[in-house]
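Novice: Below is the file data.csv, which contains CSV, C-alpha atoms and all ligand atoms.
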chain,number,residue,atom,x,y,z
A,1,MET,CA,-8.3,5.2,12.6
A,2,GLU,CA,-6.0,4.9,15.6
A,3,TYR,CA,-2.3,5.4,14.6
A,4,ASN,CA,-0.9,2.3,16.4
A,5,THR,CA,-3.5,-0.1,14.9
A,6,LEU,CA,-2.8,1.3,11.4
A,7,LYS,CA,1.0,1.1,11.9
A,8,LEU,CA,0.7,-2.6,12.7
A,9,GLN,CA,-1.4,-3.1,9.6
A,10,LEU,CA,1.1,-1.3,7.4
A,11,LYS,CA,3.9,-3.8,8.2
A,12,VAL,CA,3.6,-5.8,4.9
A,13,TYR,CA,1.2,-3.9,2.6
A,14,PHE,CA,0.7,-6.0,-0.6
A,15,ILE,CA,-0.6,-4.1,-3.6
A,16,MET,CA,-1.6,-5.9,-6.8
A,17,GLY,CA,-3.8,-5.9,-9.9
A,18,SER,CA,-4.4,-8.5,-12.6
A,19,LEU,CA,-1.4,-7.3,-14.7
A,20,ASN,CA,1.1,-7.8,-11.8
A,21,CYS,CA,0.5,-11.5,-11.3
A,22,ARG,CA,2.1,-14.6,-12.7
A,23,ALA,CA,-0.8,-16.8,-11.5
A,24,GLU,CA,-4.5,-16.2,-10.8
A,25,PRO,CA,-4.8,-13.0,-8.7
A,26,GLU,CA,-7.0,-14.7,-6.2
A,27,LEU,CA,-4.5,-17.5,-5.7
A,28,VAL,CA,-1.6,-15.0,-5.3
A,29,LEU,CA,-3.6,-13.0,-2.7
A,30,GLU,CA,-4.6,-16.1,-0.7
A,31,GLN,CA,-0.9,-17.1,-0.6
A,32,ALA,CA,0.3,-13.6,0.3
A,33,LEU,CA,-2.1,-13.4,3.2
A,34,LYS,CA,-1.2,-16.9,4.3
A,35,GLY,CA,2.4,-15.8,4.4
A,36,GLY,CA,1.5,-12.8,6.6
A,37,ALA,CA,0.7,-9.8,4.4
A,38,THR,CA,-1.0,-7.4,6.8
A,39,LEU,CA,-2.9,-5.1,4.4
A,40,PHE,CA,-4.0,-5.3,0.7
A,41,GLN,CA,-4.6,-2.7,-2.0
A,42,TYR,CA,-6.3,-3.6,-5.3
A,43,ARG,CA,-4.6,-1.5,-8.0
A,44,GLU,CA,-5.9,-2.2,-11.5
A,45,LYS,CA,-3.8,0.0,-13.7
A,46,GLY,CA,-1.7,-0.1,-16.8
A,47,GLU,CA,-1.8,-1.0,-20.5
A,48,GLY,CA,-4.4,-3.9,-21.0
A,49,CYS,CA,-5.9,-3.8,-17.5
A,50,LEU,CA,-9.3,-5.2,-16.9
A,51,SER,CA,-12.5,-3.6,-18.1
A,52,PRO,CA,-14.8,-1.9,-15.5
A,53,ASP,CA,-17.0,-4.9,-15.2
A,54,GLN,CA,-14.1,-7.4,-15.0
A,55,LYS,CA,-12.4,-5.0,-12.5
A,56,ASN,CA,-15.5,-4.9,-10.3
A,57,ALA,CA,-15.8,-8.7,-10.4
A,58,LEU,CA,-12.2,-9.2,-9.4
A,59,ALA,CA,-12.4,-6.5,-6.7
A,60,LEU,CA,-15.4,-8.4,-5.1
A,61,SER,CA,-13.5,-11.7,-5.3
A,62,LEU,CA,-10.4,-10.2,-3.7
A,63,GLN,CA,-12.4,-8.3,-1.1
A,64,LYS,CA,-14.0,-11.7,0.0
A,65,ILE,CA,-10.5,-13.2,0.4
A,66,CYS,CA,-9.4,-10.3,2.6
A,67,GLY,CA,-12.6,-10.5,4.6
A,68,LYS,CA,-12.0,-14.3,5.2
A,69,ASN,CA,-8.5,-13.4,6.4
A,70,HIS,CA,-9.5,-10.4,8.5
A,71,VAL,CA,-7.2,-8.1,6.5
A,72,PRO,CA,-8.4,-4.7,5.4
A,73,PHE,CA,-9.2,-4.3,1.7
A,74,ILE,CA,-8.1,-1.0,0.2
A,75,ILE,CA,-8.9,0.3,-3.4
A,76,ASN,CA,-6.5,2.4,-5.4
A,77,ASP,CA,-7.7,5.6,-7.0
A,78,ASP,CA,-11.3,4.5,-7.7
A,79,ILE,CA,-13.5,6.1,-5.0
A,80,ASP,CA,-16.8,4.9,-6.7
A,81,LEU,CA,-15.6,1.3,-6.6
A,82,MET,CA,-14.5,1.7,-3.0
A,83,ILE,CA,-18.0,3.1,-2.0
A,84,SER,CA,-19.9,0.5,-4.1
A,85,LEU,CA,-18.0,-2.4,-2.4
A,86,ASN,CA,-18.0,-0.7,1.0
A,87,ALA,CA,-14.3,-1.4,1.0
A,88,ASP,CA,-12.2,-0.5,4.1
A,89,GLY,CA,-10.4,2.3,2.4
A,90,LEU,CA,-8.9,4.2,-0.5
A,91,HIS,CA,-5.4,5.2,-1.6
A,92,ILE,CA,-4.9,8.3,-3.7
A,93,GLY,CA,-2.0,10.1,-5.2
A,94,GLN,CA,-1.2,13.8,-5.6
A,95,GLU,CA,-3.1,14.0,-8.9
A,96,ASP,CA,-6.1,11.8,-7.9
A,97,GLY,CA,-8.5,14.4,-6.8
A,98,ASP,CA,-9.2,17.0,-4.0
A,99,LEU,CA,-8.1,15.4,-0.8
A,100,ASN,CA,-10.3,17.5,1.5
A,101,GLN,CA,-13.4,16.7,-0.7
A,102,ILE,CA,-12.5,13.0,-0.8
A,103,ARG,CA,-11.9,12.9,3.0
A,104,SER,CA,-15.2,14.5,3.7
A,105,SER,CA,-17.0,12.0,1.4
A,106,ILE,CA,-15.6,8.9,3.2
A,107,PRO,CA,-15.0,10.1,6.8
A,108,ASP,CA,-15.0,6.7,8.4
A,109,LYS,CA,-12.8,4.9,5.9
A,110,ILE,CA,-9.0,4.4,5.8
A,111,LEU,CA,-7.5,7.1,3.5
A,112,GLY,CA,-3.9,6.8,2.3
A,113,VAL,CA,-2.1,9.4,0.4
A,114,SER,CA,1.1,9.3,-1.7
A,115,VAL,CA,3.6,11.9,-0.7
A,116,HIS,CA,7.1,12.8,-1.8
A,117,ASN,CA,8.3,15.5,0.7
A,118,VAL,CA,7.6,17.1,4.0
A,119,GLU,CA,5.3,19.7,2.5
A,120,GLU,CA,3.0,17.2,0.8
A,121,ALA,CA,3.0,15.1,3.9
A,122,GLU,CA,1.9,18.0,6.2
A,123,ASP,CA,-0.8,19.0,3.7
A,124,ALA,CA,-2.1,15.4,3.5
A,125,LEU,CA,-2.2,15.0,7.3
A,126,ARG,CA,-3.9,18.4,7.7
A,127,ALA,CA,-6.5,17.2,5.2
A,128,GLY,CA,-7.1,14.1,7.2
A,129,ALA,CA,-4.9,11.3,5.6
A,130,ASP,CA,-4.7,8.2,7.9
A,131,TYR,CA,-1.3,7.0,6.4
A,132,LEU,CA,1.3,8.2,4.0
A,133,GLY,CA,2.8,6.2,1.1
A,134,VAL,CA,6.3,7.5,0.6
A,135,GLY,CA,8.3,6.7,-2.5
A,136,PRO,CA,9.7,5.5,-4.8
A,137,ILE,CA,12.4,4.5,-2.4
A,138,PHE,CA,14.2,2.5,-5.0
A,139,ASP,CA,14.0,2.0,-8.7
A,140,THR,CA,10.7,0.3,-9.7
A,141,SER,CA,9.7,-1.4,-12.9
A,142,THR,CA,6.1,-1.6,-11.9
A,143,LYS,CA,5.0,2.0,-12.0
A,144,MET,CA,6.1,3.9,-15.1
A,145,ASP,CA,5.2,7.4,-14.1
A,146,THR,CA,6.9,7.7,-10.7
A,147,ARG,CA,8.6,10.8,-9.3
A,148,ASP,CA,12.4,10.6,-9.0
A,149,VAL,CA,13.8,7.7,-6.8
A,150,MET,CA,14.4,9.2,-3.4
A,151,GLY,CA,16.2,6.6,-1.3
A,152,PHE,CA,15.8,6.7,2.5
A,153,SER,CA,16.2,10.5,2.7
A,154,VAL,CA,12.6,11.5,2.6
A,155,LEU,CA,11.7,8.9,5.2
A,156,LYS,CA,14.3,10.4,7.6
A,157,GLU,CA,13.2,14.0,6.7
A,158,LEU,CA,9.6,13.3,7.5
A,159,ARG,CA,10.4,11.8,10.9
A,160,ALA,CA,13.0,14.7,11.6
A,161,ALA,CA,10.1,17.1,10.8
A,162,GLY,CA,8.2,15.6,13.7
A,163,ILE,CA,5.7,13.6,11.6
A,164,THR,CA,4.6,10.6,13.7
A,165,ALA,CA,1.8,9.5,11.5
A,166,PRO,CA,1.8,5.9,9.9
A,167,ILE,CA,4.2,5.8,7.0
A,168,VAL,CA,4.7,3.0,4.5
A,169,GLY,CA,7.6,3.0,2.0
A,170,ILE,CA,7.0,2.0,-1.6
A,171,GLY,CA,9.0,1.4,-4.7
A,172,GLY,CA,11.4,-1.4,-5.5
A,173,ILE,CA,11.3,-2.8,-2.0
A,174,SER,CA,12.3,-6.5,-1.4
A,175,GLU,CA,13.3,-8.8,1.4
A,176,GLU,CA,16.9,-7.6,0.8
A,177,ASN,CA,16.2,-3.9,1.6
A,178,ALA,CA,13.1,-4.0,3.8
A,179,PHE,CA,15.0,-3.8,7.1
A,180,GLU,CA,16.7,-0.5,6.1
A,181,VAL,CA,13.4,1.0,5.0
A,182,ILE,CA,12.0,0.4,8.5
A,183,GLU,CA,15.3,1.6,10.1
A,184,ALA,CA,15.0,4.8,8.0
A,185,GLY,CA,11.6,5.5,9.7
A,186,ALA,CA,8.8,3.6,7.9
A,187,ASP,CA,6.3,1.6,9.9
A,188,GLY,CA,6.0,-0.9,7.0
A,189,VAL,CA,6.8,-1.7,3.4
A,190,SER,CA,4.5,-1.8,0.5
A,191,VAL,CA,5.3,-4.1,-2.4
A,192,ILE,CA,3.9,-5.3,-5.7
A,193,SER,CA,6.3,-7.5,-7.6
A,194,ALA,CA,8.3,-8.7,-4.6
A,195,ILE,CA,5.2,-10.8,-3.8
A,196,SER,CA,3.1,-10.9,-7.0
A,197,GLN,CA,6.0,-12.0,-9.3
A,198,HIS,CA,7.5,-14.4,-6.7
A,199,VAL,CA,7.2,-18.1,-7.6
A,200,ASN,CA,6.0,-18.6,-4.0
A,201,PRO,CA,4.0,-15.5,-2.8
A,202,GLU,CA,3.5,-17.1,0.7
A,203,LYS,CA,7.3,-17.4,1.2
A,204,ALA,CA,7.8,-13.9,-0.2
A,205,ALA,CA,5.3,-12.4,2.2
A,206,SER,CA,6.7,-14.2,5.2
A,207,GLY,CA,10.2,-13.3,4.4
A,208,LEU,CA,9.2,-9.6,4.1
A,209,LEU,CA,7.4,-9.7,7.4
A,210,GLU,CA,10.4,-11.3,9.1
A,211,ARG,CA,12.7,-8.5,7.9
A,212,VAL,CA,10.1,-5.8,8.8
A,213,GLU,CA,9.7,-7.1,12.3
A,214,LYS,CA,13.5,-7.3,12.8
A,215,GLY,CA,13.6,-3.6,11.7
A,216,LEU,CA,10.9,-2.6,14.1
A,217,GLU,CA,12.7,-4.4,17.0
A,218,SER,CA,15.9,-2.6,16.1
A,219,LYS,CA,14.3,0.9,16.4
B,1,LIG,N1,-0.8,3.2,-5.1
B,1,LIG,C1,0.1,3.6,-4.1
B,1,LIG,N2,0.0,3.0,-2.8
B,1,LIG,C2,0.8,3.4,-1.9
B,1,LIG,C3,0.7,2.8,-0.5
B,1,LIG,F1,0.9,3.7,0.4
B,1,LIG,F2,-0.5,2.2,-0.4
B,1,LIG,F3,1.7,1.9,-0.4
B,1,LIG,N3,1.7,4.4,-2.0
B,1,LIG,C4,1.8,5.0,-3.3
B,1,LIG,C5,1.0,4.6,-4.3
B,1,LIG,C6,1.1,5.3,-5.6
B,1,LIG,O1,-0.1,6.1,-5.8
B,1,LIG,P1,-0.2,7.1,-7.0
B,1,LIG,O2,0.9,8.1,-6.9
B,1,LIG,O3,-1.6,7.6,-7.0
B,1,LIG,O4,0.0,6.2,-8.3
B,1,LIG,P2,-0.9,5.0,-8.7
B,1,LIG,O5,-2.3,5.4,-8.6
B,1,LIG,O6,-0.4,4.7,-10.1
B,1,LIG,O7,-0.6,3.8,-7.8
B,2,MG,MG,-3.3,7.0,-7.8
Rewrite the coordinates I just gave you, this time as structure tokens.
Ligand SMILES: Nc1nc(C(F)(F)F)ncc1COP(=O)(O)OP(=O)(O)O
Ligand SMILES: [Mg+2]
Specialist:
Amino acid sequence: MEYNTLKLQLKVYFIMGSLNCRAEPELVLEQALKGGATLFQYREKGEGCLSPDQKNALALSLQKICGKNHVPFIINDDIDLMISLNADGLHIGQEDGDLNQIRSSIPDKILGVSVHNVEEAEDALRAGADYLGVGPIFDTSTKMDTRDVMGFSVLKELRAAGITAPIVGIGGISEENAFEVIEAGADGVSVISAISQHVNPEKAASGLLERVEKGLESK
């Protein structure tokens, strides 16, 4: 996909699964999109997450909501689910499979890869990643098995290494620190609990978008 289009879509990248929500996941997503979330990833993971059948049903329901709002629908990890739903893309981490093989099996889909340093970033781009998920930027309580918290440094290092590809920061990002994440070099912010745990997901999404756009203007 064309870099600039994807950079715009990465502005407020909402990620969620059934375990992350205070309310019905469908309602949370509707509100997040109403508030201006620009991209969505369905990530059904963790102790007590949905069974495969329930996961497929929720994925279909969330995909319909994204379609209605003209926001791309990305699946985390599960390439079979992505293919069966003809979702818009897949996000994988360093341990989620062979990137070259995955890239060749879904050549026309958005493919995002988690990276933690310049070497992983260059490898991912060489293999055909469309965007990079960089983090955890700050401490996060959502994902238990993260790499060490990295702060802004890796974002700055990636850009200093001449990487111009779409980058989204992830990990503990909120309205309070989103501006700095963009200033450090990200094209957007990816959040789970900042929206999914907010009493008003619409307000949370619009507040994040406002900070991200201010950061983009300042660059
Ligand atoms: N799911 C993610 N989405 C992003 C995105 F770029 F989309 F913001 N970045 C990073 C991750 C983390 O991906 P991974 O390292 O495989 O862990 P998990 O599968 O538990 O999420
Ligand atoms: Mg993964």
Novice: Could you give me the residues within 7 Å of ligand LIG 1 (chain B), counting all atoms listed in the file, as a list of chain:residue names?
Specialist: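 Checking all atoms listed in the file against ligand LIG 1 (chain B) at 7 Å gives A:Tyr13, A:Gln41, A:Arg43, A:Lys45, A:Asn76, A:Asp77, A:His91, A:Ile92, A:Gly93, A:Gln94, A:Glu95, A:Asp96, A:Gly112, A:Val113, A:Ser114, A:Leu132, A:Gly133, A:Val134, A:Gly135, A:Lys143, A:Val168, A:Gly169, A:Ile170, A:Ser190.
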Novice: At a cut-off of 10 Å, using only C-alpha atoms, what residues contact A:Ile79? Leave out same-chain residues fewer than 6 positions from it and give the result as a ChimeraX atom specification.
Specialist: /A:85,87,89-92,96-97,102,105-106
Novice: Dump C-alpha atoms for the selected residues as a tab-separated table (two decimals), in the coordinates of the input?
Specialist:
chain	number	residue	atom	x	y	z
A	85	LEU	CA	-18.00	-2.40	-2.40
A	87	ALA	CA	-14.30	-1.40	1.00
A	89	GLY	CA	-10.40	2.30	2.40
A	90	LEU	CA	-8.90	4.20	-0.50
A	91	HIS	CA	-5.40	5.20	-1.60
A	92	ILE	CA	-4.90	8.30	-3.70
A	96	ASP	CA	-6.10	11.80	-7.90
A	97	GLY	CA	-8.50	14.40	-6.80
A	102	ILE	CA	-12.50	13.00	-0.80
A	105	SER	CA	-17.00	12.00	1.40
A	106	ILE	CA	-15.60	8.90	3.20
Novice: Enter the distance from atom CA of A:Asn177 to atom CA of A:Ile195, in Å, rounded to one decimal.
Specialist: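 So the two atoms, atom CA of A:Asn177 and atom CA of A:Ile195, lie 14.1 Å apart.
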Novice: Nearest residue to A:Ser51 out of A:Ser84, A:Thr146, A:Ser18, A:Ser141, using only C-alpha atoms?
Specialist: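 Selected residue with least distance to A:Ser51: A:Ser18.
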Novice: To one decimal place in Å, what is the distance between atom CA of A:Asn69 and atom CA of A:Ser193?
Specialist: 21.2 Å
Novice: Return the single residue from A:Asn200, A:Phe138, A:Val154, A:Glu217 that is closest to A:Glu176, with distances computed using all atoms listed in the file.
Specialist: A:Phe138
Novice: Identify, on the basis of all atoms listed in the file, every residue whose closest approach to stretch 204-210 of chain A does not exceed 10 Å; exclude the query and any residue fewer than 2 positions from it along the same chain; express the result as a PDB file with C-alpha atoms, in the coordinates of the input.
Specialist:
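What ended up in result_23.pdb:
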ATOM      1  CA  LYS A  11       3.900  -3.800   8.200  1.00  0.00           C
ATOM      2  CA  VAL A  12       3.600  -5.800   4.900  1.00  0.00           C
ATOM      3  CA  TYR A  13       1.200  -3.900   2.600  1.00  0.00           C
ATOM      4  CA  PHE A  14       0.700  -6.000  -0.600  1.00  0.00           C
ATOM      5  CA  GLN A  31      -0.900 -17.100  -0.600  1.00  0.00           C
ATOM      6  CA  ALA A  32       0.300 -13.600   0.300  1.00  0.00           C
ATOM      7  CA  LEU A  33      -2.100 -13.400   3.200  1.00  0.00           C
ATOM      8  CA  LYS A  34      -1.200 -16.900   4.300  1.00  0.00           C
ATOM      9  CA  GLY A  35       2.400 -15.800   4.400  1.00  0.00           C
ATOM     10  CA  GLY A  36       1.500 -12.800   6.600  1.00  0.00           C
ATOM     11  CA  ALA A  37       0.700  -9.800   4.400  1.00  0.00           C
ATOM     12  CA  THR A  38      -1.000  -7.400   6.800  1.00  0.00           C
ATOM     13  CA  ILE A 173      11.300  -2.800  -2.000  1.00  0.00           C
ATOM     14  CA  SER A 174      12.300  -6.500  -1.400  1.00  0.00           C
ATOM     15  CA  GLU A 175      13.300  -8.800   1.400  1.00  0.00           C
ATOM     16  CA  GLU A 176      16.900  -7.600   0.800  1.00  0.00           C
ATOM     17  CA  ASN A 177      16.200  -3.900   1.600  1.00  0.00           C
ATOM     18  CA  ALA A 178      13.100  -4.000   3.800  1.00  0.00           C
ATOM     19  CA  PHE A 179      15.000  -3.800   7.100  1.00  0.00           C
ATOM     20  CA  GLY A 188       6.000  -0.900   7.000  1.00  0.00           C
ATOM     21  CA  VAL A 189       6.800  -1.700   3.400  1.00  0.00           C
ATOM     22  CA  SER A 190       4.500  -1.800   0.500  1.00  0.00           C
ATOM     23  CA  VAL A 191       5.300  -4.100  -2.400  1.00  0.00           C
ATOM     24  CA  SER A 193       6.300  -7.500  -7.600  1.00  0.00           C
ATOM     25  CA  ALA A 194       8.300  -8.700  -4.600  1.00  0.00           C
ATOM     26  CA  ILE A 195       5.200 -10.800  -3.800  1.00  0.00           C
ATOM     27  CA  SER A 196       3.100 -10.900  -7.000  1.00  0.00           C
ATOM     28  CA  GLN A 197       6.000 -12.000  -9.300  1.00  0.00           C
ATOM     29  CA  HIS A 198       7.500 -14.400  -6.700  1.00  0.00           C
ATOM     30  CA  VAL A 199       7.200 -18.100  -7.600  1.00  0.00           C
ATOM     31  CA  ASN A 200       6.000 -18.600  -4.000  1.00  0.00           C
ATOM     32  CA  PRO A 201       4.000 -15.500  -2.800  1.00  0.00           C
ATOM     33  CA  GLU A 202       3.500 -17.100   0.700  1.00  0.00           C
ATOM     34  CA  VAL A 212      10.100  -5.800   8.800  1.00  0.00           C
ATOM     35  CA  GLU A 213       9.700  -7.100  12.300  1.00  0.00           C
ATOM     36  CA  LYS A 214      13.500  -7.300  12.800  1.00  0.00           C
ATOM     37  CA  GLY A 215      13.600  -3.600  11.700  1.00  0.00           C
TER      38      GLY A 215
END
Novice: Please indicate the distance in Å from atom CA of A:Ile167 to atom CA of A:Glu122, rounded to one decimal place.
Specialist: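 Computed distance, atom CA of A:Ile167 to atom CA of A:Glu122, equals 12.4 Å.
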Novice: From the set A:Pro25, A:Gly128, A:Gly46, A:Gly67, which residue has the shortest atom-to-atom contact distance to ligand MG 2 (chain B), counting all atoms listed in the file?
Specialist: A:Gly46
Novice: Counting only C-alpha atoms and all ligand atoms, figure out which residue out of A:Leu27, A:Ala161, A:Ala57, A:Leu99 gets nearest to ligand MG 2 (chain B).
Specialist: A:Leu99
Novice: Using all atoms listed in the file, find the one residue out of A:Asp139, A:Asp78, A:Glu2, A:Glu120 that sits nearest to ligand MG 2 (chain B).
Specialist: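 Among the listed residues, A:Asp78 lies closest to ligand MG 2 (chain B).
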Novice: Measuring between all atoms listed in the file, which one of A:Ile163, A:Ala186, A:Leu8, A:Val115 shows the shortest distance to ligand MG 2 (chain B)?
Specialist: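 Ranking A:Ile163, A:Ala186, A:Leu8, A:Val115 by distance to ligand MG 2 (chain B), first place goes to A:Val115.
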Novice: Since the input lacks atoms, please generate all heavy atoms for stretch 76-86 of chain A and provide them as a PDB file, keeping the file's coordinate frame.
Specialist:
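Result file out.pdb:
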ATOM      1  N   ASN A  76      -7.282   1.300  -4.866  1.00  0.00           N
ATOM      2  CA  ASN A  76      -6.500   2.400  -5.400  1.00  0.00           C
ATOM      3  C   ASN A  76      -7.235   3.297  -6.307  1.00  0.00           C
ATOM      4  O   ASN A  76      -7.923   2.806  -7.203  1.00  0.00           O
ATOM      5  CB  ASN A  76      -5.224   1.853  -6.113  1.00  0.00           C
ATOM      6  CG  ASN A  76      -4.313   2.986  -6.554  1.00  0.00           C
ATOM      7  OD1 ASN A  76      -3.928   3.822  -5.742  1.00  0.00           O
ATOM      8  ND2 ASN A  76      -3.996   3.026  -7.829  1.00  0.00           N
ATOM      9  N   ASP A  77      -7.180   4.607  -6.090  1.00  0.00           N
ATOM     10  CA  ASP A  77      -7.700   5.600  -7.000  1.00  0.00           C
ATOM     11  C   ASP A  77      -9.242   5.715  -7.088  1.00  0.00           C
ATOM     12  O   ASP A  77      -9.795   6.799  -7.109  1.00  0.00           O
ATOM     13  CB  ASP A  77      -7.220   5.398  -8.441  1.00  0.00           C
ATOM     14  CG  ASP A  77      -5.779   5.805  -8.635  1.00  0.00           C
ATOM     15  OD1 ASP A  77      -5.185   6.398  -7.712  1.00  0.00           O
ATOM     16  OD2 ASP A  77      -5.241   5.534  -9.730  1.00  0.00           O
ATOM     17  N   ASP A  78      -9.910   4.583  -7.225  1.00  0.00           N
ATOM     18  CA  ASP A  78     -11.300   4.500  -7.700  1.00  0.00           C
ATOM     19  C   ASP A  78     -12.290   4.614  -6.509  1.00  0.00           C
ATOM     20  O   ASP A  78     -12.723   3.603  -5.958  1.00  0.00           O
ATOM     21  CB  ASP A  78     -11.513   3.217  -8.459  1.00  0.00           C
ATOM     22  CG  ASP A  78     -12.871   3.156  -9.155  1.00  0.00           C
ATOM     23  OD1 ASP A  78     -13.778   3.925  -8.768  1.00  0.00           O
ATOM     24  OD2 ASP A  78     -13.025   2.313 -10.076  1.00  0.00           O
ATOM     25  N   ILE A  79     -12.678   5.860  -6.149  1.00  0.00           N
ATOM     26  CA  ILE A  79     -13.500   6.100  -5.000  1.00  0.00           C
ATOM     27  C   ILE A  79     -14.935   5.479  -5.203  1.00  0.00           C
ATOM     28  O   ILE A  79     -15.546   4.947  -4.269  1.00  0.00           O
ATOM     29  CB  ILE A  79     -13.617   7.557  -4.596  1.00  0.00           C
ATOM     30  CG1 ILE A  79     -14.373   7.729  -3.266  1.00  0.00           C
ATOM     31  CG2 ILE A  79     -14.230   8.390  -5.713  1.00  0.00           C
ATOM     32  CD1 ILE A  79     -14.225   9.080  -2.624  1.00  0.00           C
ATOM     33  N   ASP A  80     -15.417   5.509  -6.429  1.00  0.00           N
ATOM     34  CA  ASP A  80     -16.800   4.900  -6.700  1.00  0.00           C
ATOM     35  C   ASP A  80     -16.777   3.440  -6.425  1.00  0.00           C
ATOM     36  O   ASP A  80     -17.713   2.910  -5.828  1.00  0.00           O
ATOM     37  CB  ASP A  80     -17.184   5.237  -8.148  1.00  0.00           C
ATOM     38  CG  ASP A  80     -17.322   6.743  -8.392  1.00  0.00           C
ATOM     39  OD1 ASP A  80     -17.641   7.482  -7.425  1.00  0.00           O
ATOM     40  OD2 ASP A  80     -17.040   7.190  -9.523  1.00  0.00           O
ATOM     41  N   LEU A  81     -15.711   2.775  -6.861  1.00  0.00           N
ATOM     42  CA  LEU A  81     -15.600   1.300  -6.600  1.00  0.00           C
ATOM     43  C   LEU A  81     -15.510   1.071  -5.107  1.00  0.00           C
ATOM     44  O   LEU A  81     -16.149   0.182  -4.560  1.00  0.00           O
ATOM     45  CB  LEU A  81     -14.417   0.740  -7.359  1.00  0.00           C
ATOM     46  CG  LEU A  81     -14.173  -0.765  -7.190  1.00  0.00           C
ATOM     47  CD1 LEU A  81     -15.379  -1.571  -7.665  1.00  0.00           C
ATOM     48  CD2 LEU A  81     -12.913  -1.193  -7.953  1.00  0.00           C
ATOM     49  N   MET A  82     -14.708   1.898  -4.431  1.00  0.00           N
ATOM     50  CA  MET A  82     -14.500   1.700  -3.000  1.00  0.00           C
ATOM     51  C   MET A  82     -15.875   1.835  -2.263  1.00  0.00           C
ATOM     52  O   MET A  82     -16.226   1.029  -1.405  1.00  0.00           O
ATOM     53  CB  MET A  82     -13.565   2.813  -2.478  1.00  0.00           C
ATOM     54  CG  MET A  82     -13.049   2.576  -1.063  1.00  0.00           C
ATOM     55  SD  MET A  82     -13.457   3.963   0.015  1.00  0.00           S
ATOM     56  CE  MET A  82     -15.050   3.516   0.572  1.00  0.00           C
ATOM     57  N   ILE A  83     -16.670   2.835  -2.679  1.00  0.00           N
ATOM     58  CA  ILE A  83     -18.000   3.100  -2.000  1.00  0.00           C
ATOM     59  C   ILE A  83     -18.946   1.935  -2.400  1.00  0.00           C
ATOM     60  O   ILE A  83     -19.619   1.368  -1.548  1.00  0.00           O
ATOM     61  CB  ILE A  83     -18.532   4.450  -2.428  1.00  0.00           C
ATOM     62  CG1 ILE A  83     -17.682   5.556  -1.758  1.00  0.00           C
ATOM     63  CG2 ILE A  83     -19.998   4.579  -2.020  1.00  0.00           C
ATOM     64  CD1 ILE A  83     -17.975   6.974  -2.243  1.00  0.00           C
ATOM     65  N   SER A  84     -18.945   1.544  -3.686  1.00  0.00           N
ATOM     66  CA  SER A  84     -19.900   0.500  -4.100  1.00  0.00           C
ATOM     67  C   SER A  84     -19.636  -0.832  -3.423  1.00  0.00           C
ATOM     68  O   SER A  84     -20.549  -1.606  -3.139  1.00  0.00           O
ATOM     69  CB  SER A  84     -19.911   0.344  -5.627  1.00  0.00           C
ATOM     70  OG  SER A  84     -18.699  -0.242  -6.039  1.00  0.00           O
ATOM     71  N   LEU A  85     -18.373  -1.093  -3.113  1.00  0.00           N
ATOM     72  CA  LEU A  85     -18.000  -2.400  -2.400  1.00  0.00           C
ATOM     73  C   LEU A  85     -18.031  -2.215  -0.919  1.00  0.00           C
ATOM     74  O   LEU A  85     -17.843  -3.182  -0.191  1.00  0.00           O
ATOM     75  CB  LEU A  85     -16.640  -2.828  -2.884  1.00  0.00           C
ATOM     76  CG  LEU A  85     -16.483  -3.342  -4.312  1.00  0.00           C
ATOM     77  CD1 LEU A  85     -15.024  -3.684  -4.582  1.00  0.00           C
ATOM     78  CD2 LEU A  85     -17.352  -4.564  -4.553  1.00  0.00           C
ATOM     79  N   ASN A  86     -18.180  -0.968  -0.448  1.00  0.00           N
ATOM     80  CA  ASN A  86     -18.000  -0.700   1.000  1.00  0.00           C
ATOM     81  C   ASN A  86     -16.652  -1.253   1.451  1.00  0.00           C
ATOM     82  O   ASN A  86     -16.547  -1.944   2.477  1.00  0.00           O
ATOM     83  CB  ASN A  86     -19.136  -1.253   1.828  1.00  0.00           C
ATOM     84  CG  ASN A  86     -19.073  -0.726   3.275  1.00  0.00           C
ATOM     85  OD1 ASN A  86     -18.578   0.387   3.521  1.00  0.00           O
ATOM     86  ND2 ASN A  86     -19.509  -1.541   4.214  1.00  0.00           N
TER      87      ASN A  86
END
